[in-house]
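*Asks:* Next up, start_32.txt (compact mmCIF, C-alpha atoms).
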# COMPACT_ATOMS: atom_id res chain seq x y z
CA MET R 533 49.07 21.96 -10.51
CA ASN R 534 46.31 22.23 -13.08
CA ARG R 535 43.90 25.15 -13.48
CA ARG R 536 41.17 23.53 -11.37
CA ASP R 537 43.59 22.77 -8.49
CA LEU R 538 44.95 26.32 -8.69
CA PHE R 539 41.40 27.70 -8.41
CA LYS R 540 40.72 25.52 -5.36
CA ALA R 541 43.94 26.60 -3.68
CA PHE R 542 43.20 30.29 -4.34
CA ALA R 543 39.57 29.99 -3.21
CA ALA R 544 40.60 28.34 0.04
CA LEU R 545 42.47 31.54 0.91
CA THR R 546 39.66 33.88 -0.07
CA PRO R 547 37.00 34.62 2.58
CA LEU R 548 33.35 34.81 1.55
CA THR R 549 30.64 36.26 3.76
CA VAL R 550 27.42 34.25 3.78
CA ALA R 551 24.47 35.03 6.05
CA GLY R 552 26.66 37.19 8.29
CA ARG R 553 29.39 34.58 8.70
CA VAL R 554 32.75 34.14 7.01
CA TRP R 555 33.16 30.95 4.99
CA ALA R 556 36.32 29.76 3.27
CA ALA R 557 35.11 28.88 -0.22
CA PRO R 558 34.95 26.34 -1.66
CA ALA R 559 36.23 24.47 1.39
CA THR R 560 33.79 22.50 3.53
CA ASP R 561 33.78 24.53 6.73
CA ALA R 562 30.04 23.94 6.74
CA ARG R 563 28.44 20.57 7.43
CA LEU R 564 25.68 19.22 5.21
CA LEU R 565 23.45 16.22 5.93
CA VAL R 566 20.87 15.10 3.35
CA VAL R 567 18.03 12.97 4.76
CA PHE R 568 16.13 11.01 2.08
CA LEU R 569 12.64 9.82 3.09
CA ARG R 570 12.31 6.78 0.81
CA GLY R 571 8.80 5.67 -0.03
CA ALA R 572 7.38 9.15 -0.71
CA TYR R 573 5.99 10.79 2.43
CA ASP R 574 2.64 12.58 2.50
CA ALA R 575 3.88 16.17 2.50
CA ALA R 576 0.36 17.63 2.53
CA ASN R 577 -0.20 16.24 6.03
CA VAL R 578 3.10 17.59 7.32
CA LEU R 579 3.02 21.13 5.97
CA VAL R 580 -0.75 21.39 6.08
CA PRO R 581 -2.50 23.86 3.70
CA VAL R 582 -4.84 25.07 6.43
CA SER R 583 -6.37 27.87 4.35
CA SER R 584 -7.55 25.43 1.66
CA ASP R 585 -11.17 24.32 1.84
CA PHE R 586 -10.33 21.95 -1.01
CA TYR R 587 -7.82 20.15 1.25
CA TYR R 588 -10.50 19.46 3.85
CA SER R 589 -13.05 18.28 1.31
CA SER R 590 -10.44 16.05 -0.37
CA ARG R 591 -9.47 14.28 2.85
CA PRO R 592 -12.58 13.44 4.88
CA THR R 593 -10.69 11.04 7.17
CA LEU R 594 -7.04 12.11 6.74
CA ALA R 595 -7.13 15.90 7.05
CA VAL R 596 -5.34 17.51 10.02
CA ALA R 597 -7.64 20.05 11.69
CA ARG R 598 -7.05 23.78 11.32
CA PRO R 599 -4.98 25.41 14.09
CA ASP R 600 -6.85 25.54 17.39
CA VAL R 601 -4.98 26.13 20.66
CA GLY R 602 -7.59 24.09 22.49
CA ASN R 603 -7.21 21.04 20.25
CA PRO R 604 -4.00 18.99 20.72
CA ASN R 605 -4.67 17.22 17.40
CA ALA R 606 -4.92 20.43 15.38
CA ALA R 607 -2.19 21.72 13.09
CA LEU R 608 0.35 24.10 14.61
CA SER R 609 0.03 27.55 13.04
CA LEU R 610 2.97 28.64 10.87
CA SER R 611 1.21 31.29 8.79
CA SER R 612 -2.26 32.11 7.53
CA ASP R 613 -1.85 29.47 4.82
CA TRP R 614 0.24 26.76 6.45
CA GLY R 615 0.26 24.62 9.58
CA LEU R 616 2.57 21.90 10.92
CA HIS R 617 1.55 18.36 11.87
CA PRO R 618 1.03 18.15 15.67
CA ALA R 619 3.36 15.12 15.93
CA LEU R 620 6.20 17.63 15.43
CA ARG R 621 5.10 19.90 18.29
CA ASP R 622 8.01 19.14 20.62
CA SER R 623 10.74 18.57 18.04
CA ILE R 624 10.49 20.64 14.84
CA PHE R 625 8.07 23.38 15.96
CA PRO R 626 10.57 24.80 18.52
CA LEU R 627 13.18 24.98 15.73
CA TRP R 628 10.65 26.89 13.62
CA ALA R 629 10.18 29.35 16.49
CA LYS R 630 13.96 29.88 16.55
CA ARG R 631 13.99 30.35 12.76
CA GLU R 632 16.11 27.23 12.35
CA VAL R 633 13.87 25.39 9.90
CA ALA R 634 12.29 26.44 6.59
CA PHE R 635 9.93 24.52 4.32
CA VAL R 636 9.95 24.46 0.52
CA PRO R 637 6.54 23.30 -0.76
CA PHE R 638 5.84 22.25 -4.35
CA ALA R 639 9.37 20.86 -4.65
CA GLY R 640 10.57 17.79 -6.51
CA THR R 641 11.56 16.50 -9.93
CA SER R 642 10.23 18.84 -12.59
CA ASP R 643 11.12 16.48 -15.45
CA ASP R 644 10.34 13.09 -13.87
CA VAL R 645 6.60 12.38 -13.68
CA THR R 646 6.78 8.58 -13.54
CA ARG R 647 5.56 8.29 -9.93
CA SER R 648 7.88 5.28 -9.70
CA HIS R 649 9.80 4.96 -6.43
CA PHE R 650 12.86 3.55 -8.14
CA GLU R 651 13.03 5.80 -11.18
CA THR R 652 12.38 8.99 -9.24
CA GLN R 653 14.80 8.09 -6.44
CA ASP R 654 17.42 7.55 -9.15
CA THR R 655 16.51 10.87 -10.77
CA ILE R 656 17.04 12.74 -7.52
CA GLU R 657 20.25 10.98 -6.52
CA LEU R 658 21.83 11.31 -9.94
CA GLY R 659 20.84 14.97 -10.30
CA GLN R 660 20.90 14.53 -14.06
CA SER R 661 18.33 15.45 -16.68
CA VAL R 662 15.74 12.79 -17.46
CA GLY R 663 15.92 13.54 -21.17
CA GLY R 664 19.66 12.94 -21.54
CA SER R 665 21.80 9.83 -21.17
CA ARG R 666 22.31 8.93 -17.52
CA ASP R 667 25.62 8.10 -15.90
CA TYR R 668 24.83 5.78 -13.00
CA ARG R 669 28.40 6.07 -11.80
CA SER R 670 27.95 9.74 -10.91
CA GLY R 671 25.69 10.93 -8.06
CA PHE R 672 25.27 14.63 -7.33
CA MET R 673 26.78 14.50 -3.82
CA SER R 674 29.85 12.75 -5.21
CA ARG R 675 30.18 15.54 -7.78
CA LEU R 676 29.74 18.11 -5.00
CA ALA R 677 32.53 16.46 -2.99
CA ALA R 678 34.81 16.67 -6.03
CA GLU R 679 34.34 20.47 -6.12
CA LEU R 680 35.30 21.00 -2.47
CA SER R 681 38.51 20.90 -0.48
CA ARG R 682 38.80 19.49 3.06
CA VAL R 683 35.73 17.36 2.35
CA LYS R 684 35.01 14.36 4.59
CA PRO R 685 31.95 12.56 3.17
CA ILE R 686 30.11 9.53 4.55
CA ALA R 687 26.89 7.63 3.81
CA PHE R 688 25.00 6.28 6.82
CA THR R 689 23.58 3.43 4.74
CA GLU R 690 24.00 -0.35 4.36
CA GLN R 691 25.20 0.04 0.76
CA LEU R 692 26.83 3.02 -0.92
CA PRO R 693 23.87 5.03 -2.28
CA LEU R 694 23.63 6.21 -5.85
CA VAL R 695 23.97 9.84 -4.73
CA PHE R 696 27.57 9.15 -3.59
CA ARG R 697 28.75 7.02 -6.51
CA GLY R 698 31.68 8.54 -8.31
CA LYS R 699 35.40 8.43 -8.94
CA THR R 700 36.32 8.83 -5.27
CA GLN R 701 35.81 6.04 -2.73
CA ILE R 702 33.35 7.19 -0.05
CA PRO R 703 32.77 5.24 3.17
CA ASN R 704 29.37 3.97 4.26
CA ILE R 705 28.13 2.51 7.52
CA GLY R 706 24.77 0.82 8.16
CA LEU R 707 22.47 1.84 10.98
CA ASN R 708 19.49 -0.34 12.01
CA SER R 709 17.28 -2.88 10.29
CA VAL R 710 13.49 -2.78 10.13
CA GLY R 711 11.81 -4.66 12.97
CA LYS R 712 9.63 -7.78 12.69
CA PRO R 713 6.18 -8.44 14.17
CA GLY R 714 5.93 -8.13 17.94
CA VAL R 715 5.23 -11.87 18.40
CA ASP R 716 8.08 -13.93 16.92
CA ASP R 717 7.82 -17.44 15.47
CA ARG R 718 8.71 -19.19 18.75
CA GLN R 719 6.10 -17.24 20.71
CA ALA R 720 3.50 -17.83 17.99
CA GLU R 721 4.12 -21.58 18.17
CA LEU R 722 3.68 -21.57 21.97
CA ILE R 723 0.37 -19.69 21.64
CA LYS R 724 -0.87 -22.17 19.03
CA GLN R 725 0.04 -25.07 21.36
CA MET R 726 -1.93 -23.43 24.18
CA TYR R 727 -5.07 -23.45 22.02
CA ALA R 728 -4.38 -26.75 20.26
CA GLN R 729 -7.08 -28.68 22.12
CA SER R 730 -9.68 -25.92 22.13
CA ALA R 731 -12.36 -24.86 19.69
CA LEU R 732 -10.18 -21.84 18.84
CA ALA R 733 -7.25 -23.90 17.53
CA SER R 734 -8.16 -23.47 13.89
CA ALA R 735 -8.87 -19.75 14.25
CA VAL R 736 -5.57 -19.12 16.08
CA SER R 737 -3.52 -20.99 13.48
CA GLU R 738 -5.31 -19.22 10.65
CA GLY R 739 -4.78 -15.87 12.37
CA PHE R 740 -1.03 -16.36 12.54
CA ARG R 741 -0.94 -17.62 8.95
CA VAL R 742 -2.77 -14.50 7.74
CA ARG R 743 -0.50 -12.30 9.85
CA ASP R 744 2.61 -13.87 8.32
CA ASP R 745 1.23 -13.57 4.78
CA VAL R 746 0.34 -9.91 5.29
CA TYR R 747 3.68 -9.13 6.93
CA ARG R 748 5.60 -10.75 4.07
CA SER R 749 3.54 -8.91 1.47
CA ILE R 750 3.78 -5.51 3.14
CA SER R 751 7.43 -5.86 4.14
CA GLN R 752 8.44 -6.94 0.63
CA GLU R 753 6.69 -3.94 -0.96
CA MET R 754 7.96 -1.50 1.64
CA ALA R 755 11.48 -2.92 1.56
CA ALA R 756 11.50 -2.47 -2.21
CA ALA R 757 10.32 1.15 -1.93
CA ASN R 758 12.74 1.77 0.95
CA ARG R 759 15.76 0.21 -0.81
CA GLY R 760 17.11 -0.98 2.52
CA ALA R 761 16.75 2.41 4.24
CA VAL R 762 16.69 2.54 8.02
CA SER R 763 13.25 2.78 9.67
CA PRO R 764 12.14 6.07 11.28
CA ARG R 765 12.49 4.38 14.68
CA GLY R 766 15.97 3.23 13.73
CA PHE R 767 16.85 6.75 12.65
CA GLU R 768 15.59 8.10 15.97
CA LEU R 769 17.90 5.70 17.80
CA SER R 770 20.88 6.47 15.55
CA ALA R 771 20.56 10.21 14.95
CA ARG R 772 22.63 11.22 17.95
CA ARG R 773 25.37 8.83 16.85
CA ILE R 774 25.30 10.51 13.44
CA GLY R 775 25.49 13.89 15.19
CA ARG R 776 28.60 12.86 17.10
CA LEU R 777 30.30 11.52 13.97
CA MET R 778 29.52 14.67 11.99
CA ARG R 779 30.61 16.88 14.86
CA GLU R 780 33.96 15.16 15.19
CA GLN R 781 34.88 13.51 11.87
CA PHE R 782 32.64 14.13 8.84
CA ASN R 783 31.14 17.19 7.16
CA LEU R 784 29.16 15.81 4.21
CA GLY R 785 26.62 13.09 5.01
CA PHE R 786 23.67 11.19 3.57
CA VAL R 787 21.12 8.97 5.32
CA ASP R 788 17.95 7.39 4.02
CA VAL R 789 14.87 6.64 6.12
CA GLY R 790 12.15 4.28 4.90
CA GLY R 791 8.55 3.58 5.89
CA TRP R 792 6.68 6.37 4.07
CA ASP R 793 4.62 4.48 1.46
CA THR R 794 1.21 5.01 3.09
CA HIS R 795 -1.40 3.48 0.77
CA VAL R 796 -3.58 2.10 3.60
CA ASN R 797 -4.74 3.46 7.00
CA GLN R 798 -2.35 6.40 6.96
CA GLY R 799 -4.03 8.27 9.80
CA ALA R 800 -4.42 12.01 10.33
CA ALA R 801 -3.25 13.72 13.53
CA THR R 802 -2.68 10.25 15.01
CA GLY R 803 -1.95 6.87 13.47
CA TYR R 804 0.78 5.36 11.33
CA LEU R 805 2.09 8.50 9.62
CA ALA R 806 1.90 10.53 12.83
CA ASP R 807 4.01 7.91 14.64
CA ARG R 808 6.64 7.95 11.90
CA LEU R 809 6.72 11.76 11.92
CA GLY R 810 7.16 11.76 15.67
CA GLU R 811 10.16 9.47 15.32
CA LEU R 812 11.62 11.54 12.50
CA GLY R 813 11.14 14.81 14.39
CA ARG R 814 12.77 13.45 17.56
CA ALA R 815 15.66 12.11 15.47
CA LEU R 816 16.33 15.46 13.83
CA ALA R 817 16.01 17.35 17.11
CA GLY R 818 18.37 14.86 18.75
CA PHE R 819 20.87 15.30 15.92
CA SER R 820 20.81 19.08 16.38
CA GLU R 821 21.40 18.71 20.13
CA GLU R 822 24.19 16.16 19.76
CA ILE R 823 26.15 18.14 17.20
CA GLY R 824 26.28 20.98 19.72
CA GLU R 825 25.35 24.65 19.61
CA ALA R 826 28.47 25.75 17.75
CA GLY R 827 28.29 22.82 15.33
CA TRP R 828 24.60 23.38 14.66
CA ARG R 829 25.28 26.98 13.61
CA ASP R 830 27.52 25.65 10.82
CA THR R 831 25.29 22.71 9.83
CA VAL R 832 22.55 22.45 7.22
CA VAL R 833 20.17 19.48 7.11
CA VAL R 834 17.99 18.98 4.02
CA VAL R 835 15.06 16.53 4.22
CA ILE R 836 13.73 15.32 0.86
CA SER R 837 11.59 12.53 -0.62
CA GLU R 838 11.22 11.15 -4.14
CA PHE R 839 7.71 12.61 -4.54
CA GLY R 840 4.59 13.49 -2.58
CA ARG R 841 1.26 11.67 -2.35
CA THR R 842 -2.08 12.17 -4.05
CA PHE R 843 -3.88 15.25 -2.74
CA ARG R 844 -7.13 13.31 -2.34
CA GLU R 845 -7.26 10.33 -0.03
CA ASN R 846 -7.98 6.92 -1.57
CA GLY R 847 -10.65 4.35 -0.69
CA ASP R 848 -8.35 2.63 1.83
CA ARG R 849 -7.91 5.77 3.95
CA GLY R 850 -4.43 6.29 2.56
CA THR R 851 -2.74 8.16 -0.24
CA ASP R 852 -1.11 6.96 -3.46
CA HIS R 853 1.98 7.96 -5.43
CA GLY R 854 1.99 11.66 -6.31
CA HIS R 855 4.33 14.29 -7.72
CA GLY R 856 5.24 17.49 -5.85
CA SER R 857 6.54 17.26 -2.28
CA VAL R 858 7.73 19.50 0.56
CA TYR R 859 11.44 19.76 1.41
CA TRP R 860 12.78 20.83 4.80
CA VAL R 861 15.94 22.89 5.31
CA MET R 862 17.27 23.07 8.87
CA GLY R 863 20.27 24.51 10.69
CA GLY R 864 21.39 26.94 13.34
CA GLY R 865 22.52 29.50 10.77
CA ILE R 866 19.79 29.33 8.13
CA ASN R 867 17.23 32.01 7.39
CA GLY R 868 14.34 29.92 8.68
CA GLY R 869 10.92 30.41 10.18
CA ARG R 870 9.59 30.76 6.62
CA VAL R 871 7.79 28.82 3.90
CA VAL R 872 9.82 29.67 0.78
CA GLY R 873 9.77 29.17 -2.96
CA GLU R 874 7.07 29.63 -5.59
CA GLN R 875 3.60 28.75 -4.27
CA VAL R 876 0.02 28.46 -5.51
CA LYS R 877 -3.29 28.33 -3.69
CA MET R 878 -4.32 24.76 -3.09
CA GLU R 879 -7.47 24.31 -5.10
CA GLN R 880 -8.46 21.79 -7.74
CA ALA R 881 -7.44 23.98 -10.69
CA ASN R 882 -3.83 24.04 -9.45
CA LEU R 883 -3.37 20.28 -9.03
CA PHE R 884 -0.92 18.52 -11.32
CA GLN R 885 -2.88 16.22 -13.63
CA ASN R 886 -5.87 16.79 -11.32
CA ARG R 887 -4.35 14.66 -8.56
CA ASP R 888 -1.03 15.90 -7.10
CA TYR R 889 0.96 18.87 -5.87
CA PRO R 890 2.70 20.51 -8.85
CA VAL R 891 6.48 20.90 -8.84
CA LEU R 892 7.38 24.59 -8.86
CA THR R 893 10.89 24.31 -7.37
CA ASP R 894 13.11 21.73 -9.04
CA HIS R 895 15.28 19.75 -6.62
CA ARG R 896 18.45 20.42 -8.62
CA ALA R 897 17.79 24.17 -8.73
CA MET R 898 17.18 24.25 -4.98
CA PHE R 899 20.37 22.33 -4.18
CA ALA R 900 22.37 24.39 -6.67
CA GLY R 901 21.24 27.62 -5.01
CA LEU R 902 22.04 26.18 -1.59
CA PHE R 903 25.51 25.01 -2.68
CA GLN R 904 26.24 28.38 -4.23
CA ARG R 905 25.49 30.20 -0.99
CA LEU R 906 26.85 27.58 1.40
CA TYR R 907 30.18 26.90 -0.29
CA GLY R 908 30.66 29.90 -2.56
CA LEU R 909 30.79 27.73 -5.67
CA ASP R 910 31.02 29.62 -8.95
CA GLY R 911 28.87 29.03 -12.02
CA ALA R 912 31.31 26.57 -13.59
CA GLY R 913 31.42 24.47 -10.44
CA LEU R 914 27.65 24.39 -10.18
CA GLN R 915 27.39 23.33 -13.81
CA ARG R 916 29.70 20.40 -13.14
CA ILE R 917 27.32 19.28 -10.38
CA PHE R 918 24.02 20.06 -12.11
CA PRO R 919 24.59 20.57 -15.85
CA GLY R 920 22.18 22.99 -17.48
CA VAL R 921 20.50 24.02 -14.21
CA HIS R 922 19.99 27.60 -13.08
CA PRO R 923 20.27 27.85 -9.25
CA ALA R 924 17.16 28.90 -7.34
CA GLU R 925 17.77 31.78 -4.96
CA LEU R 926 15.59 31.01 -1.96
CA GLY R 927 17.62 32.94 0.60
CA LEU R 928 18.00 29.88 2.82
CA VAL R 929 21.52 30.79 3.97
Could the structure of this file be written out as structure tokens, please?
*Replies:*
Amino acid sequence: MNRRDLFKAFAALTPLTVAGRVWAAPATDARLLVVFLRGAYDAANVLVPVSSDFYYSSRPTLAVARPDVGNPNAALSLSSDWGLHPALRDSIFPLWAKREVAFVPFAGTSDDVTRSHFETQDTIELGQSVGGSRDYRSGFMSRLAAELSRVKPIAFTEQLPLVFRGKTQIPNIGLNSVGKPGVDDRQAELIKQMYAQSALASAVSEGFRVRDDVYRSISQEMAAANRGAVSPRGFELSARRIGRLMREQFNLGFVDVGGWDTHVNQGAATGYLADRLGELGRALAGFSEEIGEAGWRDTVVVVISEFGRTFRENGDRGTDHGHGSVYWVMGGGINGGRVVGEQVKMEQANLFQNRDYPVLTDHRAMFAGLFQRLYGLDGAGLQRIFPGVHPAELGLV
């Protein structure tokens, strides 16, 4: 037995109290699920900066109204500064009331400012410094698994994600594929035949041609940004299945959810983004129910995205690639009901490069602090996962 194995064996016998509970460290008595929103979701319309006049002037068509109990489309009040998107009223807001969800605004990649889906997704999944040489065979969740005993990891993805690449073979299982247009090719052909002898024949054919061109263009771009991730609707349908598997078999999971690249017609309290948020919220609430009350107390779910969106809306009533985002941390045993981490008032002077949320909490520092508290990892173990990173103490667990 080498020194590292001896440490693991000793630590497995040593109890550590975390958030009022006894954990065996560094064994995986806790469950962790990381949910990656690929495509960069608009965090500013989820955790809404309701005290910012600049937010409302920057988003004439996209802003979510300030909290108002008489307005079902208004933000749900979390504090004097923050509100929650109303699409999460029946799913995430009740968890907030039970102090089972916390939000970390101004979070993301402090050293990656490319605003590239692919580069920034890689940066997050690798958990390695941008300035150094990257090892694409080593994702941060794979390195975490190597530090733990009794670990049972799984990726709920079509292909093994970068975050789980490493020396140990980790299983993966696909969920659902993204749906196609409501009218399929056979139905479209029947409709065109119906109008073949009418004055509308040309218009109908052209309409379907344009639809197909647009669908191909949008689906290709979104599929690229999503990297094959399941759709929010697919996640909603599969979340309870994930809950059962993590309740009974696995304790370290990763799932990615696509559909968040909202350049055009994003919507405010209703519309495209609101529909996706509704699906995501119901999925996460369903997961928490399926894993069971006892399991939920020992489970932490972290929702992240590669970056946020531009603070100002664009000319197509959407938002473009940004920088800082908002992370969610959920679980029955977390210290929730709070908006945590370093924060600034949302005004023009505090924007990053005069366009985006700044990053004030680095994703590696946040995860390092969480791993330290959740698993009782020592400094050396944390350095093997995130070299050169000082853990952020956010008091989440």
*Asks:* Which residue is closest to Leu805 (chain R)? Choose from R:Gly766, R:Gly865, R:Pro592, R:Pro618 and count all atoms listed in the file.
*Replies:*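 Closest to Leu805 (chain R) of all the choices is R:Pro618.
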*Asks:* Between R:Gln880, R:Asn783, R:Ser611, R:Thr794, which residue has the minimum interatomic distance to Asn577 (chain R), considering only C-alpha atoms?
*Replies:*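 Closest residue, counting only C-alpha atoms: R:Thr794.
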*Asks:* Using all atoms listed in the file for the distances, tell me which of R:Ser584, R:Ser648, R:Ser612, R:Ser642 is nearest to Ala897 (chain R).
*Replies:*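 Looking only at the distances to Ala897 (chain R), the closest residue turns out to be R:Ser642.
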*Asks:* CA of Leu676 (chain R) and CA of Glu780 (chain R), how far apart in Å?
*Replies:* 20.8 Å
*Asks:* What are the closest atom pairs, with distances in Å to one decimal, for each residue of region 574-669 of chain R lying within 12 Å of region 815-822 of chain R, using all atoms listed in the file, rows by chain and rising residue number, as a Markdown table?
*Replies:*
| residue | atom | partner | partner_atom | distance |
| --- | --- | --- | --- | --- |
| R:Leu620 | CA | R:Ala817 | CA | 10.0 |
| R:Arg621 | CA | R:Ala817 | CA | 11.3 |
| R:Asp622 | CA | R:Ala817 | CA | 8.9 |
| R:Ser623 | CA | R:Ala817 | CA | 5.5 |
| R:Ile624 | CA | R:Ala817 | CA | 6.8 |
| R:Phe625 | CA | R:Ala817 | CA | 10.0 |
| R:Pro626 | CA | R:Ala817 | CA | 9.3 |
| R:Leu627 | CA | R:Ala817 | CA | 8.3 |
| R:Trp628 | CA | R:Ala817 | CA | 11.5 |
| R:Glu632 | CA | R:Ser820 | CA | 10.2 |
| R:Val633 | CA | R:Leu816 | CA | 11.0 |
*Asks:* With distances taken over all atoms listed in the file, which residue among R:Asn867, R:Ser857, R:Ser730, R:Asn886 lies nearest Val832 (chain R)?
*Replies:*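 Closest to Val832 (chain R) of all the choices is R:Asn867.
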*Asks:* My list of candidates is R:Ile656, R:Val858, R:Asp613, R:Leu565. Which is closest to Leu777 (chain R) when distances are computed with only C-alpha atoms?
*Replies:* R:Leu565
*Asks:* Within 12 Å of Tyr889 (chain R), counting all atoms listed in the file, which residues show up once you throw out same-chain ones fewer than 6 positions away? Write them as a PyMOL selection string, please.
*Replies:* chain R and resi 574-576+581+587+637-642+645+839-844+853-858+875-883
*Asks:* Which distance in Å separates CA of Leu579 (chain R) and CA of Phe899 (chain R), to one decimal?
*Replies:*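 Interatomic distance here is 20.1 Å.
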*Asks:* Report, in Å to a single decimal, how far apart CA of Val636 (chain R) and CA of Glu768 (chain R) are.
*Replies:*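 Taking CA of Glu768 (chain R) as the start and CA of Val636 (chain R) as the end point, the length is 23.2 Å.
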*Asks:* Hey, what's within 8 Å of Leu594 (chain R) if we count all atoms listed in the file and toss same-chain stuff fewer than 5 positions away? As a JSON list (two decimals) with C-alpha atoms, in the coordinates of the input, please?
*Replies:*
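Output file selection-v4.json is given in full below:
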[["chain", "number", "residue", "atom", "x", "y", "z"],
["R", 798, "GLN", "CA", -2.35, 6.40, 6.96],
["R", 799, "GLY", "CA", -4.03, 8.27, 9.80],
["R", 800, "ALA", "CA", -4.42, 12.01, 10.33],
["R", 801, "ALA", "CA", -3.25, 13.72, 13.53],
["R", 845, "GLU", "CA", -7.26, 10.33, -0.03],
["R", 849, "ARG", "CA", -7.91, 5.77, 3.95],
["R", 850, "GLY", "CA", -4.43, 6.29, 2.56]]
*Asks:* Near Leu902 (chain R), counting only C-alpha atoms, which residues have an atom at most 12 Å away, once you skip same-chain residues fewer than 4 positions from it, shown as a PDB file with C-alpha atoms, in the frame of the given file?
*Replies:*
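Output contents, as saved in part_32.pdb:
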ATOM      1  CA  VAL R 550      27.420  34.250   3.780  1.00  0.00           C
ATOM      2  CA  ALA R 551      24.470  35.030   6.050  1.00  0.00           C
ATOM      3  CA  ALA R 562      30.040  23.940   6.740  1.00  0.00           C
ATOM      4  CA  LEU R 564      25.680  19.220   5.210  1.00  0.00           C
ATOM      5  CA  LEU R 676      29.740  18.110  -5.000  1.00  0.00           C
ATOM      6  CA  VAL R 832      22.550  22.450   7.220  1.00  0.00           C
ATOM      7  CA  VAL R 833      20.170  19.480   7.110  1.00  0.00           C
ATOM      8  CA  VAL R 834      17.990  18.980   4.020  1.00  0.00           C
ATOM      9  CA  VAL R 861      15.940  22.890   5.310  1.00  0.00           C
ATOM     10  CA  MET R 862      17.270  23.070   8.870  1.00  0.00           C
ATOM     11  CA  ILE R 866      19.790  29.330   8.130  1.00  0.00           C
ATOM     12  CA  ASN R 867      17.230  32.010   7.390  1.00  0.00           C
ATOM     13  CA  HIS R 895      15.280  19.750  -6.620  1.00  0.00           C
ATOM     14  CA  ARG R 896      18.450  20.420  -8.620  1.00  0.00           C
ATOM     15  CA  ALA R 897      17.790  24.170  -8.730  1.00  0.00           C
ATOM     16  CA  MET R 898      17.180  24.250  -4.980  1.00  0.00           C
ATOM     17  CA  LEU R 906      26.850  27.580   1.400  1.00  0.00           C
ATOM     18  CA  TYR R 907      30.180  26.900  -0.290  1.00  0.00           C
ATOM     19  CA  GLY R 908      30.660  29.900  -2.560  1.00  0.00           C
ATOM     20  CA  LEU R 909      30.790  27.730  -5.670  1.00  0.00           C
ATOM     21  CA  LEU R 914      27.650  24.390 -10.180  1.00  0.00           C
ATOM     22  CA  HIS R 922      19.990  27.600 -13.080  1.00  0.00           C
ATOM     23  CA  PRO R 923      20.270  27.850  -9.250  1.00  0.00           C
ATOM     24  CA  ALA R 924      17.160  28.900  -7.340  1.00  0.00           C
ATOM     25  CA  GLU R 925      17.770  31.780  -4.960  1.00  0.00           C
ATOM     26  CA  LEU R 926      15.590  31.010  -1.960  1.00  0.00           C
ATOM     27  CA  GLY R 927      17.620  32.940   0.600  1.00  0.00           C
ATOM     28  CA  LEU R 928      18.000  29.880   2.820  1.00  0.00           C
ATOM     29  CA  VAL R 929      21.520  30.790   3.970  1.00  0.00           C
TER      30      VAL R 929
END
*Asks:* Using only C-alpha atoms, which residue out of R:Asp561, R:His649, R:Thr655, R:Gly813 lies closest to Arg779 (chain R)?
*Replies:*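 Between R:Asp561, R:His649, R:Thr655, R:Gly813, the residue approaching Arg779 (chain R) most closely is R:Asp561.
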*Asks:* What's the 6 Å shell around Ile686 (chain R), counting all atoms listed in the file, without same-chain residues fewer than 2 positions away, as a list in words?
*Replies:*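 Close residues of Ile686 (chain R): Pro703, Asn704 and Gly785 of chain R.
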*Asks:* Grab the residues selected above and save them as a PDB file, in the coordinates of the input with C-alpha atoms.
*Replies:*
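Contents of again-v2.pdb, as written:
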ATOM      1  CA  PRO R 703      32.770   5.240   3.170  1.00  0.00           C
ATOM      2  CA  ASN R 704      29.370   3.970   4.260  1.00  0.00           C
ATOM      3  CA  GLY R 785      26.620  13.090   5.010  1.00  0.00           C
TER       4      GLY R 785
END
*Asks:* List as a ChimeraX atom specification the protein and nucleic acid residues near Thr689 (chain R), meaning an atom at most 8 Å away when all atoms listed in the file are counted, but skip any in the same chain fewer than 5 places from it.
*Replies:* /R:704-707,761-762,786-788
*Asks:* Write the residues of the selection above to a file with C-alpha atoms, as a short mmCIF file (atom, residue, chain, number, x, y, z; two decimals), in the coordinates of the input.
*Replies:*
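In the end it all went to result.cif:
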data_model
loop_
_atom_site.label_atom_id
_atom_site.label_comp_id
_atom_site.auth_asym_id
_atom_site.auth_seq_id
_atom_site.Cartn_x
_atom_site.Cartn_y
_atom_site.Cartn_z
CA ASN R 704 29.37 3.97 4.26
CA ILE R 705 28.13 2.51 7.52
CA GLY R 706 24.77 0.82 8.16
CA LEU R 707 22.47 1.84 10.98
CA ALA R 761 16.75 2.41 4.24
CA VAL R 762 16.69 2.54 8.02
CA PHE R 786 23.67 11.19 3.57
CA VAL R 787 21.12 8.97 5.32
CA ASP R 788 17.95 7.39 4.02
#
